[in-house]
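Quick look at my_file01.pdb (PDB, C-alpha atoms):
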```pdb
ATOM      1  CA  MET U   5      85.994  65.158 191.922
ATOM      2  CA  SER U   6      82.531  66.331 190.898
ATOM      3  CA  LYS U   7      79.274  64.940 192.279
ATOM      4  CA  GLY U   8      77.590  65.674 188.965
ATOM      5  CA  ASN U   9      77.993  63.715 185.769
ATOM      6  CA  PRO U  10      81.054  64.671 183.705
ATOM      7  CA  PRO U  11      80.406  64.920 179.947
ATOM      8  CA  GLY U  12      79.753  61.460 178.514
ATOM      9  CA  LEU U  13      79.484  59.539 181.777
ATOM     10  CA  ASP U  14      76.207  58.896 183.638
ATOM     11  CA  LEU U  15      77.388  57.894 187.111
ATOM     12  CA  GLU U  16      74.060  56.483 188.262
ATOM     13  CA  ARG U  17      73.853  54.138 185.269
ATOM     14  CA  LEU U  18      77.525  53.238 185.633
ATOM     15  CA  SER U  19      77.027  52.415 189.314
ATOM     16  CA  ALA U  20      74.017  50.202 188.565
ATOM     17  CA  HIS U  21      75.982  48.347 185.907
ATOM     18  CA  LEU U  22      78.934  47.796 188.266
ATOM     19  CA  ASP U  23      76.560  46.479 190.941
ATOM     20  CA  ARG U  24      75.199  43.941 188.436
ATOM     21  CA  GLU U  25      78.486  42.862 186.883
ATOM     22  CA  ARG U  26      80.979  43.354 189.732
ATOM     23  CA  PRO U  27      78.993  43.239 192.993
ATOM     24  CA  GLY U  28      80.883  44.833 195.866
ATOM     25  CA  LEU U  29      83.396  46.682 193.678
ATOM     26  CA  ALA U  30      81.855  50.068 194.514
ATOM     27  CA  THR U  31      80.434  50.488 198.015
ATOM     28  CA  ALA U  32      79.169  54.084 197.916
ATOM     29  CA  PRO U  33      77.836  56.627 195.391
ATOM     30  CA  LEU U  34      80.330  57.468 192.665
ATOM     31  CA  THR U  35      81.975  60.758 191.839
ATOM     32  CA  ALA U  36      84.168  61.372 188.811
ATOM     33  CA  GLU U  37      86.282  63.812 186.862
ATOM     34  CA  LEU U  38      87.384  63.861 183.245
ATOM     35  CA  ILE U  39      91.143  63.399 183.011
ATOM     36  CA  GLU U  40      92.484  66.159 180.792
ATOM     37  CA  GLY U  41      95.101  65.593 178.132
ATOM     38  CA  GLY U  42      93.585  62.779 176.095
ATOM     39  CA  ARG U  43      93.556  63.398 172.357
ATOM     40  CA  SER U  44      90.827  60.967 171.423
ATOM     41  CA  ASN U  45      89.103  58.516 173.750
ATOM     42  CA  LEU U  46      87.714  60.027 176.942
ATOM     43  CA  THR U  47      89.245  58.974 180.254
ATOM     44  CA  TYR U  48      87.675  59.485 183.688
ATOM     45  CA  ALA U  49      88.902  58.990 187.241
ATOM     46  CA  VAL U  50      86.006  57.479 189.238
ATOM     47  CA  THR U  51      85.816  56.882 192.990
ATOM     48  CA  ASP U  52      83.390  55.682 195.653
ATOM     49  CA  GLY U  53      85.403  57.512 198.315
ATOM     50  CA  ALA U  54      87.422  54.426 199.261
ATOM     51  CA  SER U  55      88.721  53.052 195.967
ATOM     52  CA  ARG U  56      89.557  54.614 192.628
ATOM     53  CA  TRP U  57      89.217  53.346 189.063
ATOM     54  CA  VAL U  58      89.551  54.606 185.505
ATOM     55  CA  VAL U  59      86.751  54.482 182.934
ATOM     56  CA  ARG U  60      87.503  54.857 179.239
ATOM     57  CA  ARG U  61      85.006  55.463 176.407
ATOM     58  CA  PRO U  62      85.018  56.850 172.832
ATOM     59  CA  PRO U  63      84.755  60.619 172.291
ATOM     60  CA  LEU U  64      81.372  62.296 172.157
ATOM     61  CA  GLY U  65      79.571  62.601 168.855
ATOM     62  CA  HIS U  66      79.782  60.478 165.734
ATOM     63  CA  VAL U  67      82.935  58.350 165.595
ATOM     64  CA  LEU U  68      84.230  55.458 163.543
ATOM     65  CA  ALA U  69      83.942  52.282 165.608
ATOM     66  CA  THR U  70      87.214  50.933 164.236
ATOM     67  CA  ALA U  71      89.080  54.031 165.440
ATOM     68  CA  HIS U  72      87.749  53.870 169.004
ATOM     69  CA  ASP U  73      87.385  50.153 169.662
ATOM     70  CA  MET U  74      87.012  49.671 173.413
ATOM     71  CA  ALA U  75      87.099  45.878 173.142
ATOM     72  CA  ARG U  76      90.409  46.089 171.300
ATOM     73  CA  GLU U  77      92.030  48.266 173.958
ATOM     74  CA  TYR U  78      90.620  46.073 176.712
ATOM     75  CA  ARG U  79      91.890  42.933 175.013
ATOM     76  CA  VAL U  80      95.499  44.035 174.574
ATOM     77  CA  ILE U  81      95.800  45.465 178.092
ATOM     78  CA  SER U  82      94.297  42.299 179.559
ATOM     79  CA  ALA U  83      96.624  40.108 177.508
ATOM     80  CA  LEU U  84      99.725  41.981 178.687
ATOM     81  CA  ARG U  85      98.762  41.993 182.350
ATOM     82  CA  ASP U  86     100.923  38.997 183.341
ATOM     83  CA  THR U  87     103.950  40.011 181.256
ATOM     84  CA  ALA U  88     106.857  42.339 182.052
ATOM     85  CA  VAL U  89     104.977  45.180 180.344
ATOM     86  CA  PRO U  90     103.469  47.628 182.879
ATOM     87  CA  VAL U  91      99.734  47.994 182.253
ATOM     88  CA  PRO U  92      96.736  48.595 184.514
ATOM     89  CA  GLU U  93      94.597  45.668 185.606
ATOM     90  CA  THR U  94      91.384  45.517 183.582
ATOM     91  CA  LEU U  95      88.172  45.039 185.544
ATOM     92  CA  LEU U  96      85.188  45.162 183.207
ATOM     93  CA  LEU U  97      84.282  45.647 179.531
ATOM     94  CA  CYS U  98      80.814  46.820 178.513
ATOM     95  CA  GLU U  99      79.902  46.834 174.827
ATOM     96  CA  ASP U 100      76.222  47.594 175.505
ATOM     97  CA  GLU U 101      75.782  51.212 174.409
ATOM     98  CA  SER U 102      72.512  51.511 176.328
ATOM     99  CA  VAL U 103      74.391  51.729 179.656
ATOM    100  CA  ILE U 104      76.181  55.090 179.242
ATOM    101  CA  GLY U 105      75.624  55.760 175.540
ATOM    102  CA  ALA U 106      78.813  54.126 174.254
ATOM    103  CA  PRO U 107      80.996  51.057 174.858
ATOM    104  CA  PHE U 108      83.400  51.482 177.784
ATOM    105  CA  TYR U 109      85.773  49.628 180.032
ATOM    106  CA  VAL U 110      86.945  49.941 183.622
ATOM    107  CA  MET U 111      90.511  49.446 184.817
ATOM    108  CA  GLU U 112      92.474  50.035 187.976
ATOM    109  CA  PHE U 113      93.757  53.509 188.764
ATOM    110  CA  VAL U 114      97.565  53.559 188.551
ATOM    111  CA  ALA U 115      99.481  56.299 190.319
ATOM    112  CA  GLY U 116     102.063  58.133 188.273
ATOM    113  CA  THR U 117     102.957  61.321 186.421
ATOM    114  CA  PRO U 118     102.689  61.849 182.647
ATOM    115  CA  TYR U 119     105.547  64.154 181.615
ATOM    116  CA  ARG U 120     104.724  66.155 178.503
ATOM    117  CA  THR U 121     107.118  69.106 178.366
ATOM    118  CA  ALA U 122     110.776  69.913 178.929
ATOM    119  CA  GLY U 123     109.713  72.249 181.730
ATOM    120  CA  GLN U 124     108.047  69.416 183.635
ATOM    121  CA  LEU U 125     111.169  67.266 183.323
ATOM    122  CA  ALA U 126     113.401  70.159 184.383
ATOM    123  CA  GLU U 127     111.658  70.138 187.753
ATOM    124  CA  ILE U 128     112.934  66.633 188.555
ATOM    125  CA  GLY U 129     116.549  67.366 187.564
ATOM    126  CA  PRO U 130     119.040  66.005 185.003
ATOM    127  CA  ARG U 131     119.773  62.617 186.587
ATOM    128  CA  ARG U 132     116.151  61.648 187.031
ATOM    129  CA  THR U 133     115.273  62.973 183.577
ATOM    130  CA  ARG U 134     117.921  60.725 182.053
ATOM    131  CA  ASP U 135     116.584  57.692 183.930
ATOM    132  CA  VAL U 136     112.985  58.422 182.917
ATOM    133  CA  VAL U 137     113.742  58.804 179.210
ATOM    134  CA  LEU U 138     116.032  55.776 178.987
ATOM    135  CA  GLY U 139     113.330  53.828 180.817
ATOM    136  CA  LEU U 140     111.129  54.429 177.773
ATOM    137  CA  ALA U 141     113.586  52.479 175.629
ATOM    138  CA  ASP U 142     113.878  49.664 178.187
ATOM    139  CA  THR U 143     110.100  49.311 178.484
ATOM    140  CA  LEU U 144     109.684  49.316 174.701
ATOM    141  CA  VAL U 145     112.171  46.431 174.544
ATOM    142  CA  ARG U 146     109.996  44.503 176.991
ATOM    143  CA  LEU U 147     106.844  45.177 174.986
ATOM    144  CA  HIS U 148     108.436  44.015 171.740
ATOM    145  CA  ALA U 149     109.782  40.877 173.460
ATOM    146  CA  VAL U 150     106.266  39.589 174.203
ATOM    147  CA  ASP U 151     105.278  36.572 172.097
ATOM    148  CA  PRO U 152     101.845  37.544 170.722
ATOM    149  CA  ALA U 153     100.695  33.934 170.438
ATOM    150  CA  ALA U 154     101.699  33.164 174.018
ATOM    151  CA  VAL U 155      99.375  35.885 175.354
ATOM    152  CA  GLY U 156      96.463  35.198 173.012
ATOM    153  CA  LEU U 157      97.180  37.969 170.499
ATOM    154  CA  ALA U 158      98.215  35.906 167.473
ATOM    155  CA  ASP U 159      95.251  37.315 165.506
ATOM    156  CA  PHE U 160      95.503  40.877 166.806
ATOM    157  CA  GLY U 161      96.618  42.324 163.460
ATOM    158  CA  ARG U 162      97.836  41.609 159.921
ATOM    159  CA  PRO U 163     101.626  41.916 159.900
ATOM    160  CA  GLU U 164     101.967  40.916 156.235
ATOM    161  CA  GLY U 165     102.342  44.109 154.182
ATOM    162  CA  PHE U 166     102.070  46.225 157.340
ATOM    163  CA  LEU U 167     104.275  49.144 156.263
ATOM    164  CA  GLU U 168     102.827  49.402 152.780
ATOM    165  CA  ARG U 169      99.311  49.361 154.181
ATOM    166  CA  GLN U 170     100.159  51.977 156.821
ATOM    167  CA  LEU U 171     101.722  54.300 154.271
ATOM    168  CA  ARG U 172      98.740  53.967 151.972
ATOM    169  CA  ARG U 173      96.294  54.640 154.818
ATOM    170  CA  TRP U 174      98.080  57.792 155.939
ATOM    171  CA  GLY U 175      98.309  58.978 152.344
ATOM    172  CA  LYS U 176      94.525  58.677 152.057
ATOM    173  CA  GLN U 177      94.117  60.658 155.261
ATOM    174  CA  LEU U 178      96.269  63.416 153.793
ATOM    175  CA  GLU U 179      94.116  63.585 150.679
ATOM    176  CA  ALA U 180      90.963  63.737 152.793
ATOM    177  CA  SER U 181      92.153  66.907 154.530
ATOM    178  CA  ARG U 182      94.159  68.602 151.785
ATOM    179  CA  ASP U 183      93.064  72.170 151.151
ATOM    180  CA  ARG U 184      96.353  74.025 150.639
ATOM    181  CA  ASP U 185      99.790  73.517 149.155
ATOM    182  CA  LEU U 186     102.238  71.705 151.457
ATOM    183  CA  PRO U 187     105.688  71.928 149.852
ATOM    184  CA  GLY U 188     107.611  68.663 150.129
ATOM    185  CA  ILE U 189     104.937  66.425 151.613
ATOM    186  CA  ASP U 190     104.146  64.598 148.363
ATOM    187  CA  GLU U 191     107.851  64.088 147.669
ATOM    188  CA  LEU U 192     108.260  62.654 151.171
ATOM    189  CA  HIS U 193     105.327  60.286 150.635
ATOM    190  CA  ARG U 194     106.718  59.092 147.296
ATOM    191  CA  THR U 195     110.195  58.593 148.733
ATOM    192  CA  LEU U 196     108.876  56.598 151.670
ATOM    193  CA  ALA U 197     106.876  54.382 149.296
ATOM    194  CA  ALA U 198     109.894  53.822 147.033
ATOM    195  CA  LYS U 199     112.199  52.821 149.897
ATOM    196  CA  LEU U 200     110.107  50.559 152.099
ATOM    197  CA  PRO U 201     112.437  48.632 154.426
ATOM    198  CA  ASP U 202     112.129  44.930 155.152
ATOM    199  CA  SER U 203     110.270  44.560 158.435
ATOM    200  CA  PRO U 204     111.662  42.435 161.274
ATOM    201  CA  GLU U 205     109.528  39.759 162.916
ATOM    202  CA  PRO U 206     106.182  41.283 163.939
ATOM    203  CA  THR U 207     105.427  42.159 167.538
ATOM    204  CA  VAL U 208     102.697  43.856 169.508
ATOM    205  CA  VAL U 209     102.986  47.504 168.463
ATOM    206  CA  HIS U 210     101.657  50.275 170.697
ATOM    207  CA  GLY U 211     101.214  52.735 167.836
ATOM    208  CA  ASP U 212     101.621  55.970 169.822
ATOM    209  CA  TYR U 213     104.539  55.278 172.140
ATOM    210  CA  ARG U 214     105.928  58.453 173.723
ATOM    211  CA  LEU U 215     106.673  59.928 177.117
ATOM    212  CA  ASP U 216     103.266  61.477 177.767
ATOM    213  CA  ASN U 217     101.522  58.173 177.073
ATOM    214  CA  VAL U 218     103.159  56.505 180.064
ATOM    215  CA  LEU U 219     102.926  57.112 183.808
ATOM    216  CA  ILE U 220     106.121  57.568 185.812
ATOM    217  CA  GLY U 221     106.156  56.477 189.445
ATOM    218  CA  ALA U 222     107.943  57.996 192.433
ATOM    219  CA  ASP U 223     110.932  55.727 191.744
ATOM    220  CA  ASP U 224     111.140  57.104 188.157
ATOM    221  CA  ARG U 225     110.068  53.766 186.689
ATOM    222  CA  ILE U 226     107.167  53.417 184.286
ATOM    223  CA  THR U 227     104.100  52.278 186.225
ATOM    224  CA  ALA U 228     101.770  51.946 183.221
ATOM    225  CA  ILE U 229     101.656  52.364 179.453
ATOM    226  CA  LEU U 230      98.382  54.032 178.468
ATOM    227  CA  ASP U 231      96.370  54.840 175.307
ATOM    228  CA  TRP U 232      96.442  51.543 173.412
ATOM    229  CA  GLU U 233      93.809  52.520 170.832
ATOM    230  CA  MET U 234      96.291  52.290 167.917
ATOM    231  CA  SER U 235      97.880  49.006 168.991
ATOM    232  CA  THR U 236      98.175  46.070 166.597
ATOM    233  CA  LEU U 237     100.588  43.410 165.377
ATOM    234  CA  GLY U 238     103.172  44.913 163.085
ATOM    235  CA  ASP U 239     106.654  46.300 162.637
ATOM    236  CA  PRO U 240     108.201  47.141 166.037
ATOM    237  CA  LEU U 241     110.464  49.798 164.545
ATOM    238  CA  THR U 242     107.433  52.000 163.885
ATOM    239  CA  ASP U 243     107.219  52.450 167.666
ATOM    240  CA  LEU U 244     110.918  53.290 167.874
ATOM    241  CA  GLY U 245     110.717  55.699 164.927
ATOM    242  CA  LEU U 246     107.869  57.567 166.594
ATOM    243  CA  LEU U 247     109.784  57.703 169.874
ATOM    244  CA  MET U 248     112.760  59.109 167.984
ATOM    245  CA  MET U 249     110.665  61.809 166.364
ATOM    246  CA  TYR U 250     109.366  63.030 169.710
ATOM    247  CA  SER U 251     112.787  62.681 171.370
ATOM    248  CA  GLU U 252     114.792  64.657 168.818
ATOM    249  CA  GLN U 253     112.483  67.625 168.180
ATOM    250  CA  GLU U 254     113.702  70.990 169.405
ATOM    251  CA  ALA U 255     111.120  73.363 170.809
ATOM    252  CA  VAL U 256     109.606  75.678 168.197
ATOM    253  CA  GLU U 257     107.831  78.804 169.386
ATOM    254  CA  GLY U 258     104.108  78.557 168.783
ATOM    255  CA  SER U 259     104.205  74.866 167.880
ATOM    256  CA  PRO U 260     101.294  72.739 169.133
ATOM    257  CA  VAL U 261     103.659  69.767 169.428
ATOM    258  CA  ALA U 262     105.127  69.321 172.903
ATOM    259  CA  THR U 263     108.780  68.350 173.144
ATOM    260  CA  THR U 264     111.009  67.254 176.025
ATOM    261  CA  ARG U 265     114.290  67.477 174.093
ATOM    262  CA  GLY U 266     115.485  70.622 175.853
ATOM    263  CA  ALA U 267     115.232  69.263 179.400
ATOM    264  CA  PRO U 268     118.589  69.131 181.224
ATOM    265  CA  GLY U 269     119.821  65.548 181.322
ATOM    266  CA  HIS U 270     117.690  64.400 178.371
ATOM    267  CA  PRO U 271     119.659  61.643 176.572
ATOM    268  CA  GLU U 272     120.745  62.193 173.002
ATOM    269  CA  PRO U 273     118.437  60.427 170.526
ATOM    270  CA  ALA U 274     121.320  58.186 169.415
ATOM    271  CA  GLU U 275     121.738  56.914 172.969
ATOM    272  CA  ILE U 276     118.040  56.010 173.170
ATOM    273  CA  VAL U 277     118.374  54.061 169.922
ATOM    274  CA  GLU U 278     121.502  52.298 171.151
ATOM    275  CA  ARG U 279     119.747  51.359 174.378
ATOM    276  CA  TYR U 280     116.859  49.824 172.431
ATOM    277  CA  ALA U 281     119.148  48.048 169.960
ATOM    278  CA  ALA U 282     121.261  46.548 172.742
ATOM    279  CA  GLY U 283     118.220  45.380 174.686
ATOM    280  CA  SER U 284     116.255  44.006 171.740
ATOM    281  CA  GLY U 285     119.044  42.705 169.501
ATOM    282  CA  ARG U 286     117.258  44.205 166.477
ATOM    283  CA  ASP U 287     118.951  45.779 163.494
ATOM    284  CA  VAL U 288     118.053  49.484 163.629
ATOM    285  CA  SER U 289     120.025  50.608 160.567
ATOM    286  CA  ALA U 290     116.800  51.462 158.715
ATOM    287  CA  LEU U 291     115.526  53.668 161.550
ATOM    288  CA  PRO U 292     115.794  56.933 159.515
ATOM    289  CA  TRP U 293     112.950  55.623 157.298
ATOM    290  CA  TYR U 294     110.767  54.923 160.321
ATOM    291  CA  THR U 295     111.516  58.338 161.819
ATOM    292  CA  ALA U 296     110.681  60.043 158.519
ATOM    293  CA  PHE U 297     107.427  58.079 158.403
ATOM    294  CA  ALA U 298     106.636  59.292 161.931
ATOM    295  CA  TYR U 299     107.136  62.899 160.800
ATOM    296  CA  PHE U 300     104.867  62.266 157.802
ATOM    297  CA  LYS U 301     102.124  60.939 160.089
ATOM    298  CA  LEU U 302     102.475  63.931 162.420
ATOM    299  CA  ALA U 303     102.223  66.313 159.456
ATOM    300  CA  VAL U 304      99.043  64.570 158.288
ATOM    301  CA  ILE U 305      97.537  64.784 161.781
ATOM    302  CA  LEU U 306      98.315  68.487 162.074
ATOM    303  CA  GLU U 307      96.984  69.183 158.593
ATOM    304  CA  GLY U 308      93.771  67.391 159.516
ATOM    305  CA  ILE U 309      93.438  69.636 162.565
ATOM    306  CA  HIS U 310      94.039  72.710 160.379
ATOM    307  CA  TYR U 311      91.456  71.537 157.864
ATOM    308  CA  ARG U 312      88.800  71.065 160.559
ATOM    309  CA  TYR U 313      89.681  74.533 161.862
ATOM    310  CA  THR U 314      89.041  76.063 158.425
ATOM    311  CA  LEU U 315      85.615  74.399 158.472
ATOM    312  CA  GLY U 316      84.800  75.962 161.805
ATOM    313  CA  GLN U 317      85.047  72.645 163.632
TER     314      GLN U 317
END
```

When written as structure tokens, how does the structure in this file appear?
Amino acid sequence: MSKGNPPGLDLERLSAHLDRERPGLATAPLTAELIEGGRSNLTYAVTDGASRWVVRRPPLGHVLATAHDMAREYRVISALRDTAVPVPETLLLCEDESVIGAPFYVMEFVAGTPYRTAGQLAEIGPRRTRDVVLGLADTLVRLHAVDPAAVGLADFGRPEGFLERQLRRWGKQLEASRDRDLPGIDELHRTLAAKLPDSPEPTVVHGDYRLDNVLIGADDRITAILDWEMSTLGDPLTDLGLLMMYSEQEAVEGSPVATTRGAPGHPEPAEIVERYAAGSGRDVSALPWYTAFAYFKLAVILEGIHYRYTLGQ
């Protein structure tokens, strides 16, 4: 923990705001550190020496409000708090940018480990690795079993035409960062558009569900699902397709994409799918489309990173 202000977080102003809005929450001067590993929104661990919390805010610089909506993240986490889905307790939302320079929210600090690589999983052994990965499928079943209307999320998204709209949006993102030939990517986009599956009943969708976006406790159970910035109401199989993509990838030397597939004890992708299908009762026969769509999205993300690199950004 640093006594100074980490980038993007003025601790004195944060402390004054907490004293006004949640008197007694913090009882001493605050210290904080930026939690590494986030790809987008900034996440800080904050403490007064006795208690610990997490503060989340948009990245520094100019950002699109719709892409880093603090109120949206706060709303979905708060709504899921009393369900079987493991999420942190939310404590405070501040949409007044004058406090720290951007909207932010505060939530409880949840203990746990985010596993990102096969090497990290190898340290806990084959049996525990198997339990951790299959726990991802079980927890996803619980998320997709939540009735959005029952938790106040009936208007959280637009499920009608969800897949078509998603495919169109990601296609536009590809065009916005295209500066070189990418053999096969246009054919993949056309094929996905021509073979849109019929979506099941809509659910709350996390949007970026993978092993390093959850915390694993000492008992190898998921203690919290994190990073809800892409959540909405939509097709639940998009979450499963993304999980499949990250679960089946073999390690490629020099790749910026982390994979856990090579860890001893890691379940076969088919077993993860079967676990989800058995728990949810959903038809997963169209899953290859959703997995292909996940690969398309990853390719677009990586191409966007490459494009910004060519611009010196």

- Point out the residue among U:Asp86, U:Glu257, U:Asp190, U:Glu112 with the least atom-to-atom distance to U:Leu29, counting only C-alpha atoms.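 Under the stated criterion, the closest residue is U:Glu112.
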
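Considering all atoms listed in the file, the residue among U:Ala296, U:Thr314, U:Ala106, U:Gly175 positioned nearest to U:Lys199 is U:Ala296.
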
Could you list, as a CSV table (one decimal) with C-alpha atoms, in the coordinates of the input, every residue within 10 Å of stretch 134-150 of chain U, counting all atoms listed in the file and ignoring same-chain residues fewer than 3 positions away?
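Dumped to around30.csv:
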```
chain,number,residue,atom,x,y,z
U,84,LEU,CA,99.7,42.0,178.7
U,87,THR,CA,104.0,40.0,181.3
U,88,ALA,CA,106.9,42.3,182.1
U,89,VAL,CA,105.0,45.2,180.3
U,90,PRO,CA,103.5,47.6,182.9
U,119,TYR,CA,105.5,64.2,181.6
U,125,LEU,CA,111.2,67.3,183.3
U,128,ILE,CA,112.9,66.6,188.6
U,129,GLY,CA,116.5,67.4,187.6
U,130,PRO,CA,119.0,66.0,185.0
U,131,ARG,CA,119.8,62.6,186.6
U,153,ALA,CA,100.7,33.9,170.4
U,154,ALA,CA,101.7,33.2,174.0
U,155,VAL,CA,99.4,35.9,175.4
U,157,LEU,CA,97.2,38.0,170.5
U,205,GLU,CA,109.5,39.8,162.9
U,206,PRO,CA,106.2,41.3,163.9
U,207,THR,CA,105.4,42.2,167.5
U,208,VAL,CA,102.7,43.9,169.5
U,209,VAL,CA,103.0,47.5,168.5
U,210,HIS,CA,101.7,50.3,170.7
U,213,TYR,CA,104.5,55.3,172.1
U,214,ARG,CA,105.9,58.5,173.7
U,215,LEU,CA,106.7,59.9,177.1
U,218,VAL,CA,103.2,56.5,180.1
U,220,ILE,CA,106.1,57.6,185.8
U,221,GLY,CA,106.2,56.5,189.4
U,223,ASP,CA,110.9,55.7,191.7
U,224,ASP,CA,111.1,57.1,188.2
U,225,ARG,CA,110.1,53.8,186.7
U,226,ILE,CA,107.2,53.4,184.3
U,228,ALA,CA,101.8,51.9,183.2
U,229,ILE,CA,101.7,52.4,179.5
U,239,ASP,CA,106.7,46.3,162.6
U,240,PRO,CA,108.2,47.1,166.0
U,241,LEU,CA,110.5,49.8,164.5
U,243,ASP,CA,107.2,52.4,167.7
U,244,LEU,CA,110.9,53.3,167.9
U,247,LEU,CA,109.8,57.7,169.9
U,251,SER,CA,112.8,62.7,171.4
U,264,THR,CA,111.0,67.3,176.0
U,267,ALA,CA,115.2,69.3,179.4
U,268,PRO,CA,118.6,69.1,181.2
U,269,GLY,CA,119.8,65.5,181.3
U,270,HIS,CA,117.7,64.4,178.4
U,271,PRO,CA,119.7,61.6,176.6
U,272,GLU,CA,120.7,62.2,173.0
U,273,PRO,CA,118.4,60.4,170.5
U,275,GLU,CA,121.7,56.9,173.0
U,276,ILE,CA,118.0,56.0,173.2
U,277,VAL,CA,118.4,54.1,169.9
U,278,GLU,CA,121.5,52.3,171.2
U,279,ARG,CA,119.7,51.4,174.4
U,280,TYR,CA,116.9,49.8,172.4
U,281,ALA,CA,119.1,48.0,170.0
U,282,ALA,CA,121.3,46.5,172.7
U,283,GLY,CA,118.2,45.4,174.7
U,284,SER,CA,116.3,44.0,171.7
U,285,GLY,CA,119.0,42.7,169.5
U,286,ARG,CA,117.3,44.2,166.5
```

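Atom CA of U:Ala298 is positioned 16.2 Å from atom CA of U:Ala198.
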
- atom CA of U:Pro204 to atom CA of U:Gly161, distance in Å rounded to a single decimal: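 That distance, rounded to one decimal, is 15.2 Å.
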
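Considering all atoms listed in the file, the residue among U:Ala290, U:Leu38, U:Met234, U:Val256 positioned nearest to U:Arg61 is U:Leu38.
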
- Item | Atomic distance atom CA of U:Glu168 - atom CA of U:Tyr294, expressed in Å with one decimal | 12.3 Å

- So, counting only C-alpha atoms, which residue among U:Thr47, U:Thr242, U:Ser235, U:Ser181 is closest to U:Leu167?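 When distances to U:Leu167 are compared using only C-alpha atoms, the smallest one comes from U:Thr242.
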
- Taking the file as shown, what set of residues would the PyMOL selection byres ((chain U and resi 182) around 12) give back, as number ranges by chain? U: 175-181, 183-186, 189-190, 303-312, 314

- Using all atoms listed in the file: which of U:Pro107, U:Gly123, U:Pro10, U:Gly245 has the shortest distance to U:Val288: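 Looking only at the distances to U:Val288, the closest residue turns out to be U:Gly245.
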
Using the chain letters and numbering of this document, enumerate as a PDB file with C-alpha atoms, in the coordinates of the input the residues selected by the PyMOL selection byres ((chain U and resi 120) around 8).
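out.pdb was written with the following content:
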```
ATOM      1  CA  PRO U 118     102.689  61.849 182.647  1.00  0.00           C
ATOM      2  CA  TYR U 119     105.547  64.154 181.615  1.00  0.00           C
ATOM      3  CA  THR U 121     107.118  69.106 178.366  1.00  0.00           C
ATOM      4  CA  ALA U 122     110.776  69.913 178.929  1.00  0.00           C
ATOM      5  CA  GLN U 124     108.047  69.416 183.635  1.00  0.00           C
ATOM      6  CA  LEU U 215     106.673  59.928 177.117  1.00  0.00           C
ATOM      7  CA  ASP U 216     103.266  61.477 177.767  1.00  0.00           C
ATOM      8  CA  ALA U 262     105.127  69.321 172.903  1.00  0.00           C
ATOM      9  CA  THR U 263     108.780  68.350 173.144  1.00  0.00           C
ATOM     10  CA  THR U 264     111.009  67.254 176.025  1.00  0.00           C
TER      11      THR U 264
END
```

- From the set U:Met111, U:Glu101, U:Leu200, U:Arg56, which residue has the shortest atom-to-atom contact distance to U:Ser82, counting only C-alpha atoms?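 The closest residue to U:Ser82 is U:Met111.
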